[in-house]
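Shown below: model29.csv, with CSV, C-alpha atoms and all ligand atoms.
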chain,number,residue,atom,x,y,z
J,29,MET,CA,127.2,128.6,120.1
J,30,SER,CA,126.3,128.8,116.4
J,31,GLN,CA,125.1,126.3,113.9
J,32,GLU,CA,124.4,126.1,110.1
J,33,ALA,CA,121.0,126.2,108.6
J,34,ILE,CA,119.7,126.5,105.1
J,35,VAL,CA,117.5,129.6,104.9
J,36,PHE,CA,115.3,130.9,102.0
J,37,THR,CA,117.2,133.5,100.0
J,38,GLY,CA,116.0,132.7,96.5
J,39,SER,CA,112.8,132.7,94.6
J,40,LEU,CA,110.2,130.4,93.1
J,41,GLU,CA,111.3,131.3,89.6
J,42,THR,CA,115.0,130.5,89.9
J,43,GLY,CA,114.7,127.1,91.6
J,44,GLN,CA,117.6,128.3,93.8
J,45,TRP,CA,115.8,128.2,97.1
J,46,GLY,CA,118.3,128.7,99.9
J,47,GLU,CA,121.8,129.4,101.1
J,48,VAL,CA,123.6,128.0,104.2
J,49,ARG,CA,123.8,130.6,106.9
J,50,LYS,CA,125.1,130.6,110.5
J,51,ILE,CA,122.4,131.0,113.2
J,52,GLY,CA,122.4,130.5,116.9
J,53,VAL,CA,121.7,127.3,118.7
J,54,PRO,CA,118.6,127.9,120.9
J,55,GLU,CA,118.3,127.3,124.6
J,56,VAL,CA,116.0,124.3,125.3
J,57,PRO,CA,112.8,125.5,126.9
J,58,ALA,CA,110.7,123.2,129.2
J,59,GLY,CA,108.8,120.5,127.3
J,60,MET,CA,111.1,120.6,124.3
J,61,LEU,CA,114.0,118.6,122.9
J,62,LEU,CA,117.1,119.6,120.9
J,63,VAL,CA,117.8,117.1,118.2
J,64,LYS,CA,121.1,116.8,116.4
J,65,ALA,CA,120.2,116.2,112.8
J,66,VAL,CA,121.4,113.1,110.9
J,67,ALA,CA,119.1,113.0,107.9
J,68,TYR,CA,116.4,115.2,106.3
J,69,ALA,CA,113.4,114.6,104.1
J,70,ALA,CA,111.7,117.2,101.8
J,71,ASN,CA,108.0,117.8,101.6
J,72,PRO,CA,105.9,119.8,99.1
J,73,THR,CA,105.0,122.2,101.9
J,74,ASP,CA,108.6,123.3,102.0
J,75,TRP,CA,108.4,125.0,98.6
J,76,LYS,CA,104.7,125.8,98.9
J,77,HIS,CA,105.4,128.1,101.9
J,78,VAL,CA,107.3,130.3,99.5
J,79,ALA,CA,104.8,130.0,96.7
J,80,LEU,CA,102.0,131.0,99.1
J,81,GLY,CA,103.9,133.8,100.6
J,82,MET,CA,104.0,132.1,104.0
J,83,GLY,CA,107.7,131.7,104.1
J,84,LYS,CA,109.8,134.8,104.0
J,85,LYS,CA,113.4,135.4,103.2
J,86,GLY,CA,115.7,134.3,106.0
J,87,ASP,CA,113.3,131.5,107.3
J,88,VAL,CA,114.9,128.1,107.9
J,89,ILE,CA,113.6,125.6,105.4
J,90,GLY,CA,112.3,122.1,106.2
J,91,SER,CA,109.7,120.1,108.1
J,92,ASP,CA,111.1,116.5,108.5
J,93,VAL,CA,114.3,115.4,110.2
J,94,ALA,CA,115.7,112.4,112.1
J,95,GLY,CA,118.6,112.3,114.5
J,96,TYR,CA,119.8,112.0,118.1
J,97,VAL,CA,118.3,113.7,121.1
J,98,GLU,CA,121.0,116.2,122.2
J,99,LYS,CA,119.3,118.0,125.1
J,100,VAL,CA,116.1,117.3,127.0
J,101,GLY,CA,114.1,120.3,128.4
J,102,SER,CA,112.8,120.2,131.9
J,103,GLY,CA,109.5,118.3,132.4
J,104,VAL,CA,110.0,116.0,129.4
J,105,ASN,CA,109.3,112.3,130.0
J,106,GLY,CA,110.0,109.4,127.7
J,107,PHE,CA,113.2,110.8,126.0
J,108,LYS,CA,116.9,110.8,127.0
J,109,VAL,CA,120.0,112.1,125.4
J,110,GLY,CA,121.2,109.8,122.6
J,111,ASP,CA,117.7,108.5,121.7
J,112,LYS,CA,117.1,108.0,118.0
J,113,VAL,CA,114.1,110.0,116.9
J,114,GLY,CA,112.2,111.4,113.9
J,115,LEU,CA,110.1,114.6,114.1
J,116,THR,CA,108.0,116.9,112.1
J,117,LEU,CA,107.7,120.6,112.9
J,118,HIS,CA,106.1,123.7,111.3
J,119,GLY,CA,109.2,124.8,109.4
J,120,ASN,CA,109.6,127.5,106.8
J,121,ILE,CA,108.2,130.2,109.0
J,122,SER,CA,111.0,131.0,111.4
J,123,SER,CA,114.5,132.4,111.1
J,124,VAL,CA,115.6,130.5,114.3
J,125,ASN,CA,114.2,127.0,113.9
J,126,GLY,CA,113.3,124.7,111.0
J,127,ALA,CA,114.2,121.1,110.1
J,128,PHE,CA,117.2,121.7,107.8
J,129,GLN,CA,119.8,122.8,110.3
J,130,ASP,CA,122.3,121.2,112.5
J,131,TYR,CA,120.3,121.3,115.8
J,132,VAL,CA,116.5,121.3,115.7
J,133,LEU,CA,114.3,122.4,118.6
J,134,VAL,CA,111.1,120.4,118.8
J,135,ASP,CA,108.2,119.9,121.2
J,136,ALA,CA,108.5,116.4,122.8
J,137,PRO,CA,104.9,115.3,121.8
J,138,ALA,CA,105.8,115.9,118.1
J,139,THR,CA,108.8,113.6,118.4
J,140,VAL,CA,108.7,109.9,117.7
J,141,LEU,CA,111.2,107.3,119.0
J,142,PHE,CA,112.7,105.1,116.3
J,143,ASP,CA,114.4,102.3,118.2
J,144,GLY,CA,114.7,100.2,115.0
J,145,ILE,CA,117.3,102.5,113.4
J,146,ASP,CA,120.5,100.7,112.6
J,147,GLU,CA,123.2,103.4,113.1
J,148,SER,CA,125.6,101.6,110.8
J,149,LYS,CA,123.2,101.7,107.9
J,150,VAL,CA,124.0,104.7,105.7
J,151,LEU,CA,122.1,104.8,102.4
J,152,SER,CA,124.3,105.9,99.5
J,153,PRO,CA,123.2,108.6,97.1
J,154,GLY,CA,120.8,107.1,94.5
J,155,SER,CA,117.6,105.2,94.4
J,156,HIS,CA,116.6,102.7,97.2
J,157,GLY,CA,113.6,100.5,97.3
J,158,PRO,CA,110.9,100.9,99.9
J,159,GLY,CA,111.4,99.1,103.2
J,160,ALA,CA,111.3,99.2,107.0
J,161,ILE,CA,112.3,102.2,109.1
J,162,ASP,CA,115.8,100.9,109.8
J,163,SER,CA,118.0,103.9,108.9
J,164,PHE,CA,118.0,107.6,109.7
J,165,GLU,CA,117.1,108.3,106.0
J,166,ALA,CA,114.0,106.1,106.4
J,167,ALA,CA,113.1,107.7,109.7
J,168,ALA,CA,113.3,111.2,108.2
J,169,SER,CA,110.9,110.2,105.5
J,170,ALA,CA,108.0,109.4,107.8
J,171,PRO,CA,107.0,111.9,110.5
J,172,LEU,CA,105.1,114.6,108.5
J,173,SER,CA,103.2,112.1,106.3
J,174,LEU,CA,102.4,109.8,109.2
J,175,ALA,CA,101.1,112.6,111.4
J,176,THR,CA,99.0,113.9,108.6
J,177,MET,CA,97.5,110.5,108.0
J,178,ALA,CA,96.8,110.2,111.7
J,179,VAL,CA,94.8,113.4,111.6
J,180,SER,CA,92.8,112.3,108.6
J,181,PHE,CA,92.1,108.7,109.5
J,182,LEU,CA,92.1,108.8,113.3
J,183,TYR,CA,90.3,112.1,113.7
J,184,ASN,CA,88.6,113.5,110.6
J,185,SER,CA,87.3,110.1,109.4
J,186,GLY,CA,85.3,109.5,112.6
J,187,ILE,CA,86.0,105.8,112.1
J,188,PRO,CA,86.6,104.1,115.5
J,189,MET,CA,89.7,102.1,116.1
J,190,ASP,CA,87.7,98.9,116.3
J,191,LYS,CA,88.6,96.4,113.5
J,192,GLU,CA,85.6,94.2,114.2
J,193,ALA,CA,83.1,97.1,113.8
J,194,ASN,CA,84.9,98.3,110.7
J,195,LYS,CA,84.9,95.0,108.7
J,196,ASP,CA,82.2,96.2,106.3
J,197,LYS,CA,83.5,99.8,105.9
J,198,THR,CA,85.4,100.9,102.8
J,199,VAL,CA,87.6,103.9,102.4
J,200,LEU,CA,89.0,105.4,99.2
J,201,ILE,CA,92.5,106.9,99.0
J,202,TRP,CA,92.9,109.0,95.9
J,203,GLY,CA,96.7,109.2,95.4
J,204,GLY,CA,97.8,105.9,97.0
J,205,ALA,CA,101.4,106.4,95.9
J,206,THR,CA,101.9,109.8,97.4
J,207,ALA,CA,104.0,109.7,100.6
J,208,ALA,CA,100.8,110.5,102.4
J,209,GLY,CA,98.9,107.8,100.6
J,210,ILE,CA,101.6,105.1,101.3
J,211,TYR,CA,101.4,105.8,105.0
J,212,GLY,CA,97.6,106.3,104.9
J,213,ILE,CA,97.0,102.9,103.3
J,214,GLN,CA,98.9,101.2,106.1
J,215,LEU,CA,97.2,103.2,108.9
J,216,ALA,CA,93.7,102.5,107.5
J,217,SER,CA,94.2,98.9,106.9
J,218,ARG,CA,96.3,97.9,109.9
J,219,LEU,CA,94.9,100.2,112.6
J,220,LEU,CA,91.3,100.6,111.5
J,221,GLY,CA,90.8,97.3,109.7
J,222,VAL,CA,88.7,98.9,106.9
J,223,LYS,CA,88.8,97.8,103.2
J,224,VAL,CA,91.0,100.2,101.3
J,225,ILE,CA,90.6,101.1,97.6
J,226,ALA,CA,93.4,103.3,96.3
J,227,THR,CA,94.3,105.0,93.0
J,228,ALA,CA,97.9,105.0,91.6
J,229,SER,CA,99.9,104.5,88.5
J,230,ARG,CA,100.1,100.9,87.5
J,231,LYS,CA,103.7,100.4,88.5
J,232,HIS,CA,102.8,100.9,92.2
J,233,HIS,CA,99.9,98.5,92.4
J,234,ASP,CA,101.8,95.5,93.7
J,235,TYR,CA,103.5,97.5,96.5
J,236,LEU,CA,100.3,99.3,97.6
J,237,LYS,CA,98.6,95.9,97.8
J,238,LEU,CA,101.4,94.6,99.9
J,239,LEU,CA,100.9,97.5,102.2
J,240,GLY,CA,97.2,96.7,102.7
J,241,ALA,CA,95.2,98.2,99.8
J,242,ASN,CA,92.6,95.7,98.7
J,243,VAL,CA,92.0,97.2,95.3
J,244,VAL,CA,94.2,99.6,93.4
J,245,ILE,CA,93.0,101.4,90.3
J,246,ASP,CA,95.1,103.3,87.7
J,247,TYR,CA,93.8,106.9,87.8
J,248,HIS,CA,94.9,107.3,84.2
J,249,ASP,CA,92.3,104.8,83.0
J,250,ALA,CA,89.4,106.5,81.1
J,251,ASP,CA,86.9,104.6,83.2
J,252,ALA,CA,88.7,104.9,86.6
J,253,ILE,CA,85.7,106.5,88.3
J,254,GLU,CA,83.4,103.7,87.2
J,255,GLN,CA,86.0,101.1,88.3
J,256,ILE,CA,86.2,102.7,91.8
J,257,LYS,CA,82.4,102.9,92.1
J,258,ALA,CA,82.1,99.2,91.2
J,259,ALA,CA,84.9,98.2,93.7
J,260,GLY,CA,83.3,100.4,96.4
J,261,GLU,CA,79.9,98.7,96.1
J,262,GLY,CA,78.3,101.8,97.7
J,263,LYS,CA,80.1,101.1,101.0
J,264,PHE,CA,82.5,104.1,101.1
J,265,VAL,CA,82.3,105.8,104.4
J,266,TYR,CA,85.3,108.0,104.0
J,267,ALA,CA,87.4,109.1,101.1
J,268,LEU,CA,90.7,111.1,101.2
J,269,ASP,CA,92.2,113.0,98.3
J,270,THR,CA,96.0,113.1,99.1
J,271,VAL,CA,96.7,115.0,95.8
J,272,SER,CA,94.1,117.6,96.4
J,273,ASP,CA,93.9,119.6,93.1
J,274,ALA,CA,90.7,120.7,91.5
J,275,SER,CA,90.5,117.6,89.3
J,276,THR,CA,91.3,114.9,91.9
J,277,TRP,CA,88.9,116.5,94.4
J,278,GLN,CA,86.1,116.4,91.8
J,279,SER,CA,87.1,112.8,91.0
J,280,LEU,CA,86.9,111.8,94.7
J,281,TYR,CA,83.4,113.3,94.9
J,282,ASP,CA,82.3,111.6,91.6
J,283,ALA,CA,83.7,108.2,92.5
J,284,THR,CA,81.9,108.1,95.9
J,285,LYS,CA,78.4,108.6,94.3
J,286,GLY,CA,76.2,105.8,95.5
J,287,SER,CA,77.8,105.7,99.0
J,288,SER,CA,75.7,107.6,101.6
J,289,PRO,CA,76.5,109.0,104.1
J,290,VAL,CA,80.2,109.6,103.2
J,291,THR,CA,82.9,112.0,104.4
J,292,LEU,CA,85.4,113.5,101.9
J,293,ASP,CA,88.7,114.8,103.1
J,294,ASN,CA,91.6,116.5,101.4
J,295,LEU,CA,95.0,118.0,102.3
J,296,LEU,CA,94.9,121.4,100.6
J,297,MET,CA,91.8,123.1,102.2
J,298,LEU,CA,89.3,122.3,99.5
J,299,ASN,CA,85.6,122.2,100.3
J,300,ALA,CA,82.2,121.9,98.7
J,301,GLY,CA,82.6,125.2,97.0
J,302,ASN,CA,85.5,123.7,94.9
J,303,LEU,CA,83.1,121.1,93.4
J,304,ARG,CA,80.6,120.8,90.6
J,305,LEU,CA,77.8,119.3,92.8
J,306,ASP,CA,75.7,116.6,91.2
J,307,PRO,CA,72.0,117.6,91.7
J,308,SER,CA,71.0,113.9,91.4
J,309,ARG,CA,72.9,113.1,94.5
J,310,ASP,CA,71.9,113.5,98.1
J,311,ASN,CA,74.5,116.2,98.9
J,312,ASP,CA,73.3,116.7,102.4
J,313,ASP,CA,74.8,113.2,103.1
J,314,VAL,CA,78.2,114.3,101.9
J,315,LYS,CA,80.4,115.8,104.7
J,316,PHE,CA,83.6,117.7,104.0
J,317,LYS,CA,86.8,117.8,106.0
J,318,GLN,CA,90.2,119.4,105.6
J,319,THR,CA,93.2,117.8,107.1
J,320,LEU,CA,96.1,120.1,108.2
J,321,VAL,CA,99.0,118.5,110.0
J,322,TYR,CA,99.9,121.8,111.7
J,323,GLN,CA,96.8,121.5,113.9
J,324,ILE,CA,98.6,118.9,116.0
J,325,VAL,CA,101.9,120.8,116.1
J,326,PRO,CA,102.0,122.7,119.3
J,327,GLU,CA,101.3,126.5,119.2
J,328,SER,CA,104.8,127.2,120.4
J,329,GLN,CA,106.0,126.6,116.8
J,330,GLY,CA,104.2,129.6,115.5
J,331,PRO,CA,101.0,130.6,113.5
J,332,ILE,CA,99.3,127.9,111.5
J,333,GLY,CA,98.1,130.1,108.7
J,334,PHE,CA,95.1,129.5,106.4
J,335,GLY,CA,93.0,131.3,109.0
J,336,ILE,CA,93.1,128.2,111.2
J,337,ASN,CA,93.8,127.9,114.9
J,338,ALA,CA,95.5,125.2,116.8
J,339,ASN,CA,93.1,122.5,117.8
J,340,LYS,CA,93.8,121.5,121.4
J,341,ASP,CA,91.3,118.6,121.4
J,342,LEU,CA,93.0,117.2,118.3
J,343,GLU,CA,96.5,117.8,119.7
J,344,ALA,CA,95.6,115.9,122.9
J,345,LYS,CA,94.0,113.0,120.9
J,346,TYR,CA,97.1,112.8,118.7
J,347,GLN,CA,99.4,112.7,121.7
J,348,GLN,CA,97.4,109.9,123.3
J,349,PHE,CA,97.3,108.0,120.0
J,350,SER,CA,101.0,108.6,119.5
J,351,SER,CA,102.1,107.3,122.9
J,352,ASN,CA,99.8,104.2,122.7
J,353,HIS,CA,100.3,103.1,119.1
J,354,TRP,CA,103.2,104.5,117.2
J,355,ALA,CA,105.9,102.2,118.7
J,356,SER,CA,104.2,99.0,117.6
J,357,PHE,CA,102.9,100.4,114.3
J,358,LEU,CA,106.4,101.8,113.4
J,359,GLN,CA,107.9,98.3,113.7
J,360,GLN,CA,105.8,97.1,110.8
J,361,VAL,CA,105.4,100.2,108.7
J,362,ARG,CA,107.0,100.4,105.3
J,363,THR,CA,108.4,103.6,103.7
J,364,PRO,CA,108.0,104.9,100.1
J,365,ALA,CA,111.0,104.3,97.9
J,366,LEU,CA,113.9,106.6,99.0
J,367,THR,CA,115.8,108.8,96.6
J,368,VAL,CA,118.9,109.8,98.4
J,369,LEU,CA,120.7,113.0,97.5
J,370,LYS,CA,124.3,113.8,98.3
J,371,PRO,CA,124.9,114.8,101.9
J,372,GLY,CA,124.8,118.4,103.1
J,373,LEU,CA,122.3,121.1,103.8
J,374,LEU,CA,122.5,122.4,100.2
J,375,SER,CA,120.8,119.3,98.8
J,376,ALA,CA,117.6,121.0,100.0
J,377,ASN,CA,117.7,123.1,96.8
J,378,GLU,CA,117.7,120.0,94.6
J,379,ALA,CA,115.0,118.3,96.7
J,380,LEU,CA,112.6,121.2,96.7
J,381,ASP,CA,112.9,121.6,92.9
J,382,LEU,CA,112.2,117.9,92.3
J,383,LEU,CA,109.0,118.3,94.3
J,384,ARG,CA,108.0,121.6,92.7
J,385,LEU,CA,108.4,120.1,89.2
J,386,GLY,CA,106.3,117.1,90.2
J,387,LYS,CA,109.2,114.7,89.4
J,388,THR,CA,108.6,112.3,92.3
J,389,SER,CA,106.6,109.1,92.0
J,390,GLY,CA,106.1,106.8,95.0
J,391,GLU,CA,109.2,108.1,96.7
J,392,LYS,CA,110.6,110.5,99.3
J,393,ILE,CA,113.6,112.7,98.7
J,394,VAL,CA,116.1,112.3,101.6
J,395,TRP,CA,119.7,113.1,102.4
J,396,ARG,CA,122.2,113.1,105.2
J,397,HIS,CA,123.3,116.1,107.2
J,398,ASN,CA,127.0,115.3,106.3
Q,1,LIG,N1,97.4,119.3,104.8
Q,1,LIG,C1,98.6,118.8,105.3
Q,1,LIG,O1,98.8,118.8,106.5
Q,1,LIG,C2,99.5,118.2,104.3
Q,1,LIG,C3,100.5,117.2,104.7
Q,1,LIG,C4,101.2,116.6,103.8
Q,1,LIG,C5,101.1,116.9,102.4
Q,1,LIG,N2,100.2,117.8,102.1
Q,1,LIG,C6,99.9,118.0,100.6
Q,1,LIG,O2,99.5,116.8,100.1
Q,1,LIG,C7,100.0,116.6,98.8
Q,1,LIG,C8,100.7,115.3,98.8
Q,1,LIG,O3,101.9,115.4,99.5
Q,1,LIG,P1,102.9,114.1,99.4
Q,1,LIG,O4,104.2,114.6,99.9
Q,1,LIG,O5,102.3,113.0,100.1
Q,1,LIG,O6,103.0,113.9,97.9
Q,1,LIG,P2,104.1,113.3,96.9
Q,1,LIG,O7,104.6,112.1,97.5
Q,1,LIG,O8,105.1,114.3,96.5
Q,1,LIG,O9,103.2,112.9,95.6
Q,1,LIG,C9,103.7,112.4,94.5
Q,1,LIG,C10,102.7,111.4,94.0
Q,1,LIG,O10,101.5,112.1,93.5
Q,1,LIG,C11,100.8,111.1,92.7
Q,1,LIG,N3,99.8,111.8,91.9
Q,1,LIG,C12,100.1,112.9,91.1
Q,1,LIG,N4,98.9,113.2,90.4
Q,1,LIG,C13,98.0,112.3,90.8
Q,1,LIG,C14,96.6,112.1,90.4
Q,1,LIG,N5,96.0,112.9,89.5
Q,1,LIG,N6,96.0,111.1,90.9
Q,1,LIG,C15,96.6,110.2,91.8
Q,1,LIG,N7,97.9,110.4,92.2
Q,1,LIG,C16,98.6,111.4,91.7
Q,1,LIG,C17,101.8,110.4,91.9
Q,1,LIG,O11,101.3,109.1,91.9
Q,1,LIG,P3,101.8,108.0,90.8
Q,1,LIG,O12,103.3,107.8,91.0
Q,1,LIG,O13,100.9,106.8,91.2
Q,1,LIG,O14,101.4,108.6,89.4
Q,1,LIG,C18,103.1,110.6,92.8
Q,1,LIG,O15,103.6,109.4,93.2
Q,1,LIG,C19,100.8,117.8,98.5
Q,1,LIG,O16,100.0,118.7,97.8
Q,1,LIG,C20,101.2,118.4,99.8
Q,1,LIG,O17,101.5,119.8,99.8
Q,1,LIG,C21,99.4,118.4,102.9
Could you show the structure in this file as structure tokens?
Amino acid sequence: MSQEAIVFTGSLETGQWGEVRKIGVPEVPAGMLLVKAVAYAANPTDWKHVALGMGKKGDVIGSDVAGYVEKVGSGVNGFKVGDKVGLTLHGNISSVNGAFQDYVLVDAPATVLFDGIDESKVLSPGSHGPGAIDSFEAAASAPLSLATMAVSFLYNSGIPMDKEANKDKTVLIWGGATAAGIYGIQLASRLLGVKVIATASRKHHDYLKLLGANVVIDYHDADAIEQIKAAGEGKFVYALDTVSDASTWQSLYDATKGSSPVTLDNLLMLNAGNLRLDPSRDNDDVKFKQTLVYQIVPESQGPIGFGINANKDLEAKYQQFSSNHWASFLQQVRTPALTVLKPGLLSANEALDLLRLGKTSGEKIVWRHN
């Protein structure tokens, strides 16, 4: 049996990423599920795999998908044929499996049940405001960002899931309107109960406050760092840079001066060596973390890259968290705005280019399989 997939054939320069090709439908090994795709979402990692030379020509593009469970591998509990699910996988590295194809093979623990999807709700191409996860498009928008934020806040932060104990703790999310930030704010405020200070363009402030941010500061303001320090009152225990370029990483460090000890995390493997350290600060009290979602994607999906190995401890903790908390959390969670492209695998080309050119703001790019 064969299926269609969009595979890398183009180049970074042309903006023409992929072409639709026929590939085989894999057998379903023990512990895995085969999911019939209904909707896809694009992530920056999909084009960055090409830019960083990690994705090669012929690899299937894509990391986020939502659809129906088509087949259940032996030994899998908790899923049955026909379940509505969303999943993230380490795509862009394999010629046989990625997210943007008809049938996606995925490890059961990396799959999330989305009972709240209304199958009759089909979002038309165009802009849609943020909302609940009640459509396949919304479900596709969530898995990678949510899993990434789970690694950052529930593992790297070291903050216990104890709202009472966390009442006086404050976290900073630089880039509150990234897809990661939108889910991170909700996770930090609802599950950890910490005070959240975020940065974002002014147009997003009301929405981010609705999601649980206590204070939102426009990062374009000349005195943004001073505003953050004042709002943080020296109580930052954790700060995450969801944008993770040289300047935002430096800003995160500068804005947390006065809070000690504090842990700084980012999503693009930055560390202390990427900072101008302030000699007047107690830098021994600043800890550095790097969040990489692929650490919780089972090894069966291929090499992680960046010289990093799978983290079994983290994978097990994520799976425990996922089975205990995702179901109730997902009933309340709100998505970014959704920009819906026209149906079909080829919309991946437009989606990746919008992300590469930095044209998204507080939104996820999603589209239907057909
Ligand atoms: N390590 C991992 O496992 C992992 C996982 C997911 C993503 N990532 C990486 O994390 C980054 C974010 O991914 P994403 O999909 O969440 O992003 P995204 O939604 O594509 O980010 C777009 C947003 O970035 C915000 N932004 C741009 N420059 C900013 C700045 N200087 N300060 C604050 N906000 C700024 C904009 O906010 P405004 O609209 O407010 O201006 C915009 O809404 C990407 O680099 C991605 O590759 C890594």
| Can you tell me, as a PyMOL selection string, what residues are no more than 10 Å from Leu295 (chain J) when counting only C-alpha atoms, ignoring any on the same chain fewer than 3 positions away? | chain J and resi 176-177+180+208+268-273+298+317-321
| said: Neighbours of ligand LIG 1 (chain Q) at 8 Å or closer, counting all atoms listed in the file: which residues, as number ranges by chain? | reply: J: 71-73, 76, 172-173, 176, 202-209, 227-232, 246-248, 270-273, 275-276, 294-297, 318-322, 383, 386-392
| Which of these residues is nearest to Ala94 (chain J), using all atoms listed in the file: J:Phe334, J:Trp75, J:Trp395, J:Phe349? |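 Once distances to Ala94 (chain J) are computed over all atoms listed in the file, the minimum belongs to J:Trp395.
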| said: Every residue with an atom at most 7 Å from (106.4, 103.3, 105.6) (file coordinates; only C-alpha atoms) is what I'm after, so could you write them as a list in words? | reply: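 Within 7 Å of (106.4, 103.3, 105.6), the protein and nucleic acid residues are Gly159, Ala160, Ile161, Ala170, Ile210, Tyr211, Val361, Arg362, Thr363 and Pro364 of chain J.
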Those residues you just picked out, can you put them in a file as a JSON list (two decimals), keeping the file's coordinate frame with C-alpha atoms?
[["chain", "number", "residue", "atom", "x", "y", "z"],
["J", 159, "GLY", "CA", 111.40, 99.10, 103.20],
["J", 160, "ALA", "CA", 111.30, 99.20, 107.00],
["J", 161, "ILE", "CA", 112.30, 102.20, 109.10],
["J", 170, "ALA", "CA", 108.00, 109.40, 107.80],
["J", 210, "ILE", "CA", 101.60, 105.10, 101.30],
["J", 211, "TYR", "CA", 101.40, 105.80, 105.00],
["J", 361, "VAL", "CA", 105.40, 100.20, 108.70],
["J", 362, "ARG", "CA", 107.00, 100.40, 105.30],
["J", 363, "THR", "CA", 108.40, 103.60, 103.70],
["J", 364, "PRO", "CA", 108.00, 104.90, 100.10]]
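If you look at CA of Gly52 (chain J) and CA of Val394 (chain J), they are 24.6 Å away from each other.
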How would you write as a compact mmCIF listing (two decimals) with C-alpha atoms, keeping the file's coordinate frame the residues that get within 10 Å of (95.7, 100.6, 103.1) in the file's frame, counting all atoms listed in the file?
# COMPACT_ATOMS: atom_id res chain seq x y z
CA VAL J 199 87.60 103.90 102.40
CA LEU J 200 89.00 105.40 99.20
CA ILE J 201 92.50 106.90 99.00
CA GLY J 204 97.80 105.90 97.00
CA GLY J 209 98.90 107.80 100.60
CA ILE J 210 101.60 105.10 101.30
CA TYR J 211 101.40 105.80 105.00
CA GLY J 212 97.60 106.30 104.90
CA ILE J 213 97.00 102.90 103.30
CA GLN J 214 98.90 101.20 106.10
CA LEU J 215 97.20 103.20 108.90
CA ALA J 216 93.70 102.50 107.50
CA SER J 217 94.20 98.90 106.90
CA ARG J 218 96.30 97.90 109.90
CA LEU J 219 94.90 100.20 112.60
CA LEU J 220 91.30 100.60 111.50
CA GLY J 221 90.80 97.30 109.70
CA VAL J 222 88.70 98.90 106.90
CA LYS J 223 88.80 97.80 103.20
CA VAL J 224 91.00 100.20 101.30
CA ILE J 225 90.60 101.10 97.60
CA ALA J 226 93.40 103.30 96.30
CA LEU J 236 100.30 99.30 97.60
CA LYS J 237 98.60 95.90 97.80
CA LEU J 238 101.40 94.60 99.90
CA LEU J 239 100.90 97.50 102.20
CA GLY J 240 97.20 96.70 102.70
CA ALA J 241 95.20 98.20 99.80
CA ASN J 242 92.60 95.70 98.70
CA VAL J 243 92.00 97.20 95.30
CA VAL J 244 94.20 99.60 93.40
Complete the atoms of region 386-398 of chain J to N, CA and C atoms and put them out as a PDB file, keeping the file's coordinate frame.
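And here is the file that came out, selection-v6.pdb:
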ATOM      1  N   GLY J 386     107.181 118.292  90.224  1.00  0.00           N
ATOM      2  CA  GLY J 386     106.300 117.100  90.200  1.00  0.00           C
ATOM      3  C   GLY J 386     107.099 115.868  89.677  1.00  0.00           C
ATOM      4  N   LYS J 387     108.401 115.790  90.000  1.00  0.00           N
ATOM      5  CA  LYS J 387     109.200 114.700  89.400  1.00  0.00           C
ATOM      6  C   LYS J 387     109.297 113.477  90.354  1.00  0.00           C
ATOM      7  N   THR J 388     108.521 113.436  91.435  1.00  0.00           N
ATOM      8  CA  THR J 388     108.600 112.300  92.300  1.00  0.00           C
ATOM      9  C   THR J 388     107.418 111.335  92.051  1.00  0.00           C
ATOM     10  N   SER J 389     107.668 110.052  92.221  1.00  0.00           N
ATOM     11  CA  SER J 389     106.600 109.100  92.000  1.00  0.00           C
ATOM     12  C   SER J 389     106.810 107.919  93.013  1.00  0.00           C
ATOM     13  N   GLY J 390     105.966 107.867  94.031  1.00  0.00           N
ATOM     14  CA  GLY J 390     106.100 106.800  95.000  1.00  0.00           C
ATOM     15  C   GLY J 390     107.336 106.849  95.830  1.00  0.00           C
ATOM     16  N   GLU J 391     107.909 108.025  95.999  1.00  0.00           N
ATOM     17  CA  GLU J 391     109.200 108.100  96.700  1.00  0.00           C
ATOM     18  C   GLU J 391     109.302 109.336  97.569  1.00  0.00           C
ATOM     19  N   LYS J 392     110.264 109.314  98.482  1.00  0.00           N
ATOM     20  CA  LYS J 392     110.600 110.500  99.300  1.00  0.00           C
ATOM     21  C   LYS J 392     112.037 110.861  98.978  1.00  0.00           C
ATOM     22  N   ILE J 393     112.280 112.161  98.968  1.00  0.00           N
ATOM     23  CA  ILE J 393     113.600 112.700  98.700  1.00  0.00           C
ATOM     24  C   ILE J 393     114.289 112.881 100.101  1.00  0.00           C
ATOM     25  N   VAL J 394     115.406 112.220 100.333  1.00  0.00           N
ATOM     26  CA  VAL J 394     116.100 112.300 101.600  1.00  0.00           C
ATOM     27  C   VAL J 394     117.577 112.510 101.423  1.00  0.00           C
ATOM     28  N   TRP J 395     118.254 112.988 102.443  1.00  0.00           N
ATOM     29  CA  TRP J 395     119.700 113.100 102.400  1.00  0.00           C
ATOM     30  C   TRP J 395     120.263 113.290 103.770  1.00  0.00           C
ATOM     31  N   ARG J 396     121.556 112.979 103.900  1.00  0.00           N
ATOM     32  CA  ARG J 396     122.200 113.100 105.200  1.00  0.00           C
ATOM     33  C   ARG J 396     122.693 114.502 105.492  1.00  0.00           C
ATOM     34  N   HIS J 397     122.825 114.778 106.751  1.00  0.00           N
ATOM     35  CA  HIS J 397     123.300 116.100 107.200  1.00  0.00           C
ATOM     36  C   HIS J 397     124.781 116.255 106.685  1.00  0.00           C
ATOM     37  N   ASN J 398     125.614 115.224 106.850  1.00  0.00           N
ATOM     38  CA  ASN J 398     127.000 115.300 106.300  1.00  0.00           C
ATOM     39  C   ASN J 398     127.540 113.903 106.142  1.00  0.00           C
TER      40      ASN J 398
END
